[in-house]
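Okay, structure_11.tsv is below, TSV, N, CA and C atoms:
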chain	number	residue	atom	x	y	z
A	1	MET	N	-0.51	34.70	7.63
A	1	MET	CA	-0.29	33.89	6.44
A	1	MET	C	-0.95	32.53	6.64
A	2	ALA	N	-1.67	32.02	5.64
A	2	ALA	CA	-2.39	30.76	5.73
A	2	ALA	C	-1.43	29.59	5.62
A	3	ASP	N	-1.61	28.63	6.53
A	3	ASP	CA	-0.87	27.39	6.48
A	3	ASP	C	-1.60	26.47	5.53
A	4	SER	N	-0.93	25.90	4.55
A	4	SER	CA	-1.61	25.07	3.58
A	4	SER	C	-0.77	23.86	3.22
A	5	THR	N	-1.40	22.68	3.22
A	5	THR	CA	-0.78	21.48	2.69
A	5	THR	C	-1.82	20.80	1.82
A	6	ALA	N	-1.37	20.19	0.74
A	6	ALA	CA	-2.30	19.50	-0.15
A	6	ALA	C	-1.73	18.14	-0.51
A	7	GLU	N	-2.62	17.18	-0.66
A	7	GLU	CA	-2.24	15.83	-1.04
A	7	GLU	C	-3.31	15.31	-1.98
A	8	THR	N	-2.89	14.65	-3.05
A	8	THR	CA	-3.84	14.10	-3.99
A	8	THR	C	-3.54	12.63	-4.21
A	9	THR	N	-4.57	11.80	-4.14
A	9	THR	CA	-4.46	10.41	-4.55
A	9	THR	C	-5.39	10.25	-5.73
A	10	GLN	N	-5.45	9.08	-6.27
A	10	GLN	CA	-6.31	8.86	-7.42
A	10	GLN	C	-7.78	9.13	-7.09
A	11	ARG	N	-8.21	8.78	-5.91
A	11	ARG	CA	-9.63	8.85	-5.58
A	11	ARG	C	-10.04	9.98	-4.63
A	12	VAL	N	-9.12	10.49	-3.83
A	12	VAL	CA	-9.46	11.49	-2.81
A	12	VAL	C	-8.38	12.58	-2.80
A	13	THR	N	-8.80	13.84	-2.68
A	13	THR	CA	-7.84	14.92	-2.49
A	13	THR	C	-8.03	15.46	-1.07
A	14	VAL	N	-6.91	15.90	-0.50
A	14	VAL	CA	-6.92	16.49	0.84
A	14	VAL	C	-6.16	17.80	0.77
A	15	ASP	N	-6.80	18.87	1.20
A	15	ASP	CA	-6.17	20.19	1.24
A	15	ASP	C	-6.45	20.78	2.62
A	16	VAL	N	-5.39	21.10	3.35
A	16	VAL	CA	-5.53	21.66	4.70
A	16	VAL	C	-5.07	23.11	4.68
A	17	GLN	N	-5.98	24.01	5.10
A	17	GLN	CA	-5.65	25.43	5.19
A	17	GLN	C	-6.24	25.98	6.47
A	18	ASP	N	-5.42	26.64	7.24
A	18	ASP	CA	-5.86	27.31	8.47
A	18	ASP	C	-6.65	26.38	9.40
A	19	GLY	N	-6.20	25.14	9.52
A	19	GLY	CA	-6.83	24.20	10.44
A	19	GLY	C	-8.09	23.54	9.94
A	20	VAL	N	-8.43	23.75	8.66
A	20	VAL	CA	-9.62	23.13	8.08
A	20	VAL	C	-9.18	22.23	6.91
A	21	ALA	N	-9.57	20.96	6.99
A	21	ALA	CA	-9.22	20.02	5.93
A	21	ALA	C	-10.40	19.88	4.97
A	22	ASP	N	-10.12	20.08	3.69
A	22	ASP	CA	-11.11	19.85	2.64
A	22	ASP	C	-10.78	18.48	2.04
A	23	VAL	N	-11.58	17.48	2.36
A	23	VAL	CA	-11.42	16.13	1.83
A	23	VAL	C	-12.45	15.98	0.73
A	24	ARG	N	-11.97	15.72	-0.49
A	24	ARG	CA	-12.87	15.73	-1.64
A	24	ARG	C	-12.81	14.39	-2.38
A	25	LEU	N	-13.97	13.78	-2.56
A	25	LEU	CA	-14.06	12.58	-3.38
A	25	LEU	C	-13.74	12.98	-4.82
A	26	ASN	N	-12.85	12.25	-5.48
A	26	ASN	CA	-12.33	12.70	-6.77
A	26	ASN	C	-12.56	11.64	-7.86
A	27	ARG	N	-13.82	11.43	-8.15
A	27	ARG	CA	-14.20	10.49	-9.21
A	27	ARG	C	-15.46	11.02	-9.90
A	28	PRO	N	-15.39	12.25	-10.42
A	28	PRO	CA	-16.60	12.88	-10.95
A	28	PRO	C	-17.21	12.16	-12.15
A	29	ASP	N	-16.40	11.45	-12.93
A	29	ASP	CA	-16.93	10.72	-14.08
A	29	ASP	C	-17.87	9.60	-13.67
A	30	LYS	N	-17.76	9.14	-12.43
A	30	LYS	CA	-18.64	8.09	-11.88
A	30	LYS	C	-19.53	8.65	-10.78
A	31	ARG	N	-19.72	9.97	-10.78
A	31	ARG	CA	-20.55	10.66	-9.78
A	31	ARG	C	-20.04	10.40	-8.36
A	32	ASN	N	-18.70	10.21	-8.26
A	32	ASN	CA	-18.02	9.97	-6.99
A	32	ASN	C	-18.52	8.72	-6.28
A	33	ALA	N	-18.95	7.73	-7.07
A	33	ALA	CA	-19.42	6.46	-6.50
A	33	ALA	C	-18.28	5.77	-5.76
A	34	LEU	N	-18.63	5.12	-4.66
A	34	LEU	CA	-17.63	4.47	-3.80
A	34	LEU	C	-17.26	3.10	-4.34
A	35	ASP	N	-15.97	2.89	-4.53
A	35	ASP	CA	-15.43	1.59	-4.91
A	35	ASP	C	-14.33	1.24	-3.89
A	36	PRO	N	-13.75	0.06	-3.96
A	36	PRO	CA	-12.73	-0.30	-2.96
A	36	PRO	C	-11.57	0.69	-2.88
A	37	ALA	N	-11.13	1.22	-4.02
A	37	ALA	CA	-10.04	2.19	-4.00
A	37	ALA	C	-10.44	3.49	-3.29
A	38	MET	N	-11.70	3.89	-3.43
A	38	MET	CA	-12.20	5.10	-2.76
A	38	MET	C	-12.22	4.88	-1.25
A	39	PHE	N	-12.71	3.70	-0.82
A	39	PHE	CA	-12.71	3.39	0.61
A	39	PHE	C	-11.29	3.43	1.17
A	40	GLU	N	-10.35	2.83	0.45
A	40	GLU	CA	-8.96	2.81	0.90
A	40	GLU	C	-8.39	4.23	0.98
A	41	ALA	N	-8.70	5.06	-0.01
A	41	ALA	CA	-8.21	6.44	-0.01
A	41	ALA	C	-8.81	7.24	1.14
A	42	LEU	N	-10.08	7.00	1.46
A	42	LEU	CA	-10.71	7.70	2.58
A	42	LEU	C	-10.08	7.30	3.91
A	43	VAL	N	-9.78	6.01	4.07
A	43	VAL	CA	-9.11	5.55	5.29
A	43	VAL	C	-7.73	6.18	5.39
A	44	SER	N	-6.99	6.22	4.30
A	44	SER	CA	-5.66	6.85	4.29
A	44	SER	C	-5.74	8.33	4.66
A	45	ALA	N	-6.74	9.01	4.13
A	45	ALA	CA	-6.92	10.43	4.45
A	45	ALA	C	-7.20	10.60	5.93
A	46	GLY	N	-8.06	9.77	6.49
A	46	GLY	CA	-8.37	9.84	7.91
A	46	GLY	C	-7.16	9.55	8.78
A	47	GLU	N	-6.37	8.57	8.39
A	47	GLU	CA	-5.15	8.24	9.14
A	47	GLU	C	-4.19	9.42	9.13
A	48	ARG	N	-4.07	10.06	7.98
A	48	ARG	CA	-3.18	11.22	7.88
A	48	ARG	C	-3.70	12.37	8.74
A	49	LEU	N	-5.00	12.62	8.67
A	49	LEU	CA	-5.56	13.78	9.35
A	49	LEU	C	-5.61	13.62	10.87
A	50	LYS	N	-5.67	12.40	11.36
A	50	LYS	CA	-5.76	12.23	12.82
A	50	LYS	C	-4.50	12.70	13.54
A	51	SER	N	-3.40	12.83	12.80
A	51	SER	CA	-2.18	13.34	13.43
A	51	SER	C	-1.83	14.76	12.96
A	52	GLU	N	-2.75	15.40	12.26
A	52	GLU	CA	-2.53	16.76	11.75
A	52	GLU	C	-2.63	17.76	12.90
A	53	SER	N	-1.54	18.41	13.19
A	53	SER	CA	-1.50	19.39	14.28
A	53	SER	C	-2.36	20.61	13.95
A	54	GLY	N	-3.19	21.01	14.90
A	54	GLY	CA	-3.99	22.23	14.74
A	54	GLY	C	-5.24	22.06	13.90
A	55	LEU	N	-5.58	20.83	13.53
A	55	LEU	CA	-6.78	20.61	12.73
A	55	LEU	C	-8.02	20.86	13.57
A	56	ARG	N	-8.93	21.70	13.06
A	56	ARG	CA	-10.15	22.05	13.79
A	56	ARG	C	-11.40	21.47	13.17
A	57	ALA	N	-11.38	21.25	11.85
A	57	ALA	CA	-12.58	20.76	11.15
A	57	ALA	C	-12.19	20.01	9.89
A	58	VAL	N	-13.06	19.09	9.49
A	58	VAL	CA	-12.89	18.35	8.23
A	58	VAL	C	-14.19	18.51	7.44
A	59	VAL	N	-14.06	18.94	6.20
A	59	VAL	CA	-15.21	19.11	5.31
A	59	VAL	C	-15.09	18.04	4.23
A	60	LEU	N	-16.11	17.20	4.10
A	60	LEU	CA	-16.13	16.16	3.09
A	60	LEU	C	-17.06	16.59	1.97
A	61	SER	N	-16.54	16.58	0.73
A	61	SER	CA	-17.35	16.99	-0.41
A	61	SER	C	-16.97	16.13	-1.62
A	62	GLY	N	-17.66	16.36	-2.73
A	62	GLY	CA	-17.38	15.62	-3.95
A	62	GLY	C	-16.97	16.54	-5.07
A	63	GLU	N	-16.05	16.08	-5.89
A	63	GLU	CA	-15.61	16.83	-7.07
A	63	GLU	C	-16.72	16.79	-8.11
A	64	GLY	N	-16.96	17.90	-8.78
A	64	GLY	CA	-18.00	17.95	-9.80
A	64	GLY	C	-19.35	18.27	-9.20
A	65	PRO	N	-20.42	18.05	-9.96
A	65	PRO	CA	-21.76	18.44	-9.51
A	65	PRO	C	-22.39	17.50	-8.48
A	66	ASP	N	-21.81	16.31	-8.28
A	66	ASP	CA	-22.41	15.32	-7.38
A	66	ASP	C	-21.54	15.11	-6.15
A	67	PHE	N	-22.18	14.95	-4.99
A	67	PHE	CA	-21.42	14.60	-3.79
A	67	PHE	C	-20.97	13.15	-3.88
A	68	CYS	N	-21.91	12.22	-3.92
A	68	CYS	CA	-21.58	10.80	-3.99
A	68	CYS	C	-22.83	10.02	-4.38
A	69	ALA	N	-22.72	9.21	-5.39
A	69	ALA	CA	-23.86	8.43	-5.86
A	69	ALA	C	-24.09	7.17	-5.03
A	70	GLY	N	-23.22	6.90	-4.08
A	70	GLY	CA	-23.33	5.68	-3.27
A	70	GLY	C	-22.33	4.66	-3.74
A	71	LEU	N	-22.65	3.38	-3.55
A	71	LEU	CA	-21.73	2.32	-3.95
A	71	LEU	C	-21.68	2.16	-5.47
A	72	ASP	N	-20.49	1.90	-5.97
A	72	ASP	CA	-20.31	1.55	-7.37
A	72	ASP	C	-20.50	0.03	-7.45
A	73	PHE	N	-21.73	-0.39	-7.72
A	73	PHE	CA	-22.07	-1.81	-7.67
A	73	PHE	C	-21.26	-2.65	-8.65
A	74	SER	N	-20.85	-2.07	-9.76
A	74	SER	CA	-20.06	-2.84	-10.72
A	74	SER	C	-18.72	-3.26	-10.10
A	75	ALA	N	-18.20	-2.45	-9.20
A	75	ALA	CA	-16.92	-2.78	-8.55
A	75	ALA	C	-17.10	-3.86	-7.49
A	76	PHE	N	-18.32	-4.09	-7.03
A	76	PHE	CA	-18.58	-5.06	-5.97
A	76	PHE	C	-19.22	-6.35	-6.49
A	77	GLN	N	-19.40	-6.50	-7.79
A	77	GLN	CA	-20.02	-7.69	-8.35
A	77	GLN	C	-19.27	-8.96	-8.00
A	78	ALA	N	-17.95	-8.90	-7.91
A	78	ALA	CA	-17.15	-10.08	-7.58
A	78	ALA	C	-17.54	-10.65	-6.22
A	79	MET	N	-17.91	-9.79	-5.29
A	79	MET	CA	-18.31	-10.27	-3.96
A	79	MET	C	-19.57	-11.10	-4.04
A	80	GLY	N	-20.52	-10.71	-4.86
A	80	GLY	CA	-21.78	-11.43	-5.00
A	80	GLY	C	-21.60	-12.80	-5.61
A	81	GLN	N	-20.49	-12.98	-6.32
A	81	GLN	CA	-20.20	-14.24	-6.97
A	81	GLN	C	-19.17	-15.05	-6.18
A	82	GLY	N	-18.97	-14.66	-4.92
A	82	GLY	CA	-18.05	-15.39	-4.05
A	82	GLY	C	-16.60	-15.01	-4.22
A	83	GLY	N	-16.30	-14.04	-5.04
A	83	GLY	CA	-14.91	-13.63	-5.26
A	83	GLY	C	-14.47	-12.60	-4.25
A	84	ARG	N	-13.23	-12.22	-4.35
A	84	ARG	CA	-12.66	-11.20	-3.48
A	84	ARG	C	-12.35	-9.96	-4.27
A	85	ILE	N	-12.42	-8.83	-3.59
A	85	ILE	CA	-12.10	-7.56	-4.23
A	85	ILE	C	-10.66	-7.21	-3.90
A	86	SER	N	-9.91	-6.82	-4.91
A	86	SER	CA	-8.56	-6.34	-4.65
A	86	SER	C	-8.49	-4.88	-5.06
A	87	VAL	N	-7.74	-4.13	-4.31
A	87	VAL	CA	-7.57	-2.70	-4.58
A	87	VAL	C	-6.33	-2.55	-5.43
A	88	PRO	N	-6.46	-1.84	-6.58
A	88	PRO	CA	-5.30	-1.67	-7.47
A	88	PRO	C	-4.19	-0.89	-6.82
I'd like the structure from this file rewritten - as structure tokens, please.
Amino acid sequence: MADSTAETTQRVTVDVQDGVADVRLNRPDKRNALDPAMFEALVSAGERLKSESGLRAVVLSGEGPDFCAGLDFSAFQAMGQGGRISVP
């Protein structure tokens, strides 16, 4: 019988089955572009998975037709103007 656990956040989904974690970027409307919330969700997923018993592999993919378009520059504009980014 397959062991399975799943967790979903706004930006990243994590599904573990038979020792393999499927970590999926979950922002297809923005081509899975990275914003501060996505970075935070990826760190949270990594923190969770580092203590996952029996984990053998992690597969990183993107929801929808695109893996990841790179940085979402609109989310980082505040940094260029001397501001700070806050994660919702």
>> Between atom N of A:Val23 and atom C of A:Glu40, what distance in Å does the model show, to one decimal?
In response: 13.7 Å
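Here atom CA of A:Ala41 and atom C of A:Ser53 stand 20.7 Å from one another.
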>> Neighbouring residues of stretch 56-64 of chain A were defined as those with any atom within 7 Å, considering only C-alpha atoms; residues of the same chain fewer than 4 positions away were excluded. Please report them as a PyMOL selection string.
In response: chain A and resi 19-28+32+68
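The gap separating atom CA of A:Leu49 from atom CA of A:Val14 is 9.0 Å, in Å to one decimal.
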> as an NGL selection string, which residues of stretch 12-52 of chain A does DSSP assign to strand (DSSP E or B)?
Replying inline: :A and (12-17 or 20-25 or 34)
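With distances taken over only N, CA and C atoms, A:Phe67 is the one residue among A:Ala75, A:Phe67, A:Val16, A:Gln10 lying closest to A:Arg31.
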>> Given all atoms listed in the file as the basis, pick out the residue of A:Thr13, A:Ala69, A:Phe76, A:Gly46 nearest to A:Lys30.
In response: A:Ala69
Box for stretch 15-28 of chain A: with edges along x, y and z, all listed atoms inside and 3 Å added on each side, what are the centre and edge lengths in Å to one decimal, as lines of an AutoDock Vina configuration file?
center_x = -11.1
center_y = 18.9
center_z = -0.9
size_x = 18.1
size_y = 22.8
size_z = 28.6
